[in-house]
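So the structure is just underneath, and the comments pick up after that.
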Amino acid sequence: MTLLTWSHACTVGVKAMDDQHGILMDTMNDLRLALVRGSGHQQINSQLEQLIEFTRKHFQSEEHLLEQHGFPGLPEHRAAHERLLDQVREAVNRAEHSEDLEIQPLLGFLRTWYLDHIETVDRQYGPWLNARGVY
Ligand SMILES: [Fe+2]
Ligand SMILES: [Fe+2]
């Protein structure tokens, strides 16, 4: 089983955000472990809910930081968060209501989604914030 390791290449250069991204990855690793251990539907569902809740909080926190510093790309970034949170909710909903616990494809989807968002969208604000003394 491969765990999601947080490589240096995935950092955005702002510590608070890197920490939160790391926690998101930990949450997904926990889910994968629960799956491998054969945890029940209820356990998995509550972990999925935690992941959604943490994602929502992270997005809020990130948007707040960008707002504080007047980041010009905020409207697009916020729209990307809304779109993607909807997708995650939909995928989690489907997984929660399926009998056969198809979490593996869901985890693959979430992992790709988060990494892609962090590496493309989130990384855009790193240098911009760094230039304003935010690390
Ligand atoms: Fe983001
Ligand atoms: Fe982020």
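Going through the structure tokens in order, the chains are called A, B, and so on, while each chain numbers its residues from 1 and the ligands are numbered from 1 in the order shown.
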
Residues contacting ligand 2 - anything with an atom at most 9 Å away, using only C-alpha atoms and all ligand atoms - can you give me those as a CSV table (one decimal) with N, CA, C and O atoms, in the first residue's frame?
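And here's result_35.csv as it stands now:
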chain,number,residue,atom,x,y,z
A,12,VAL,N,3.7,25.1,-1.2
A,12,VAL,CA,3.3,26.4,-1.8
A,12,VAL,C,4.2,27.5,-1.3
A,12,VAL,O,4.1,28.6,-1.8
A,17,MET,N,-0.4,27.2,5.2
A,17,MET,CA,-1.1,26.5,4.1
A,17,MET,C,-0.5,25.1,3.9
A,17,MET,O,-1.1,24.1,3.7
A,18,ASP,N,0.9,25.1,3.9
A,18,ASP,CA,1.6,23.8,3.7
A,18,ASP,C,1.2,22.8,4.8
A,18,ASP,O,0.9,21.6,4.6
A,20,GLN,N,-1.7,22.8,6.5
A,20,GLN,CA,-3.0,22.4,6.3
A,20,GLN,C,-3.1,21.3,5.2
A,20,GLN,O,-3.9,20.4,5.3
A,21,HIS,N,-2.3,21.6,4.1
A,21,HIS,CA,-2.3,20.6,3.0
A,21,HIS,C,-1.8,19.3,3.5
A,21,HIS,O,-2.3,18.2,3.1
A,55,THR,N,-11.7,20.0,4.6
A,55,THR,CA,-11.5,20.6,3.3
A,55,THR,C,-12.2,22.0,3.3
A,55,THR,O,-11.6,23.0,2.9
A,58,HIS,N,-10.2,24.4,5.4
A,58,HIS,CA,-9.0,24.8,4.8
A,58,HIS,C,-9.3,25.8,3.7
A,58,HIS,O,-8.6,26.8,3.6
A,59,PHE,N,-10.3,25.6,2.9
A,59,PHE,CA,-10.6,26.6,1.8
A,59,PHE,C,-11.0,27.9,2.4
A,59,PHE,O,-10.5,29.0,1.9
A,61,SER,N,-9.9,29.2,5.2
A,61,SER,CA,-8.7,29.8,5.8
A,61,SER,C,-7.8,30.3,4.7
A,61,SER,O,-7.3,31.4,4.8
A,62,GLU,N,-7.7,29.5,3.6
A,62,GLU,CA,-6.9,30.0,2.4
A,62,GLU,C,-7.5,31.2,1.8
A,62,GLU,O,-6.8,32.2,1.5
A,63,GLU,N,-8.8,31.2,1.6
A,63,GLU,CA,-9.5,32.4,1.0
A,63,GLU,C,-9.3,33.6,1.9
A,63,GLU,O,-9.1,34.7,1.4
A,81,HIS,N,-12.5,26.4,-5.7
A,81,HIS,CA,-12.8,25.7,-4.4
A,81,HIS,C,-14.3,25.3,-4.4
A,81,HIS,O,-14.6,24.1,-4.0
A,114,TYR,N,-6.7,16.9,-5.2
A,114,TYR,CA,-6.1,17.7,-4.2
A,114,TYR,C,-4.7,18.1,-4.7
A,114,TYR,O,-4.3,19.3,-4.7
A,117,HIS,N,-4.9,20.5,-7.6
A,117,HIS,CA,-5.3,21.9,-7.2
A,117,HIS,C,-4.1,22.6,-6.5
A,117,HIS,O,-3.8,23.8,-6.8
A,118,ILE,N,-3.4,21.9,-5.6
A,118,ILE,CA,-2.3,22.5,-4.9
A,118,ILE,C,-1.2,22.8,-5.8
A,118,ILE,O,-0.6,23.9,-5.8
A,121,VAL,N,-3.3,25.5,-8.9
A,121,VAL,CA,-4.0,26.7,-8.4
A,121,VAL,C,-3.3,27.4,-7.2
A,121,VAL,O,-3.0,28.6,-7.1
A,122,ASP,N,-3.1,26.5,-6.1
A,122,ASP,CA,-2.5,27.1,-4.9
A,122,ASP,C,-1.1,27.7,-5.1
A,122,ASP,O,-0.8,28.7,-4.5
A,123,ARG,N,-0.3,27.0,-5.9
A,123,ARG,CA,1.0,27.5,-6.1
A,123,ARG,C,1.1,28.9,-6.7
A,123,ARG,O,2.2,29.5,-6.5

request  = Rank nothing, just name the residue among A:Pro75, A:Gly38, A:Pro105, A:Gly70 nearest to ligand 1, using only C-alpha atoms and all ligand atoms.
outcome  = A:Pro75

inquiry  = Need to verify the contact set: stretch 88-93 of chain A, 10 Å, only C-alpha atoms, exclusion of same-chain residues closer than 5 positions in sequence. Can you return it as a ChimeraX atom specification?
reply    = /A:45,48-49,51-52,55,82-83,98,103,105-107,109-110,113

inquiry  = My list of candidates is A:His64, A:Arg111, A:His69, A:His97. Which is closest to ligand 1 when distances are computed with only C-alpha atoms and all ligand atoms?
reply    =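 Counting only C-alpha atoms and all ligand atoms, the residue closest to ligand 1 is A:His64.
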
query = Using only C-alpha atoms and all ligand atoms, which of the listed residues (A:Leu35, A:Ala16, A:Met25, A:Leu74) sits closest to ligand 1?
reply = A:Leu74

ask   = How many Å separate atom CA of A:Val36 from atom CA of A:Glu119?
value = 27.6 Å
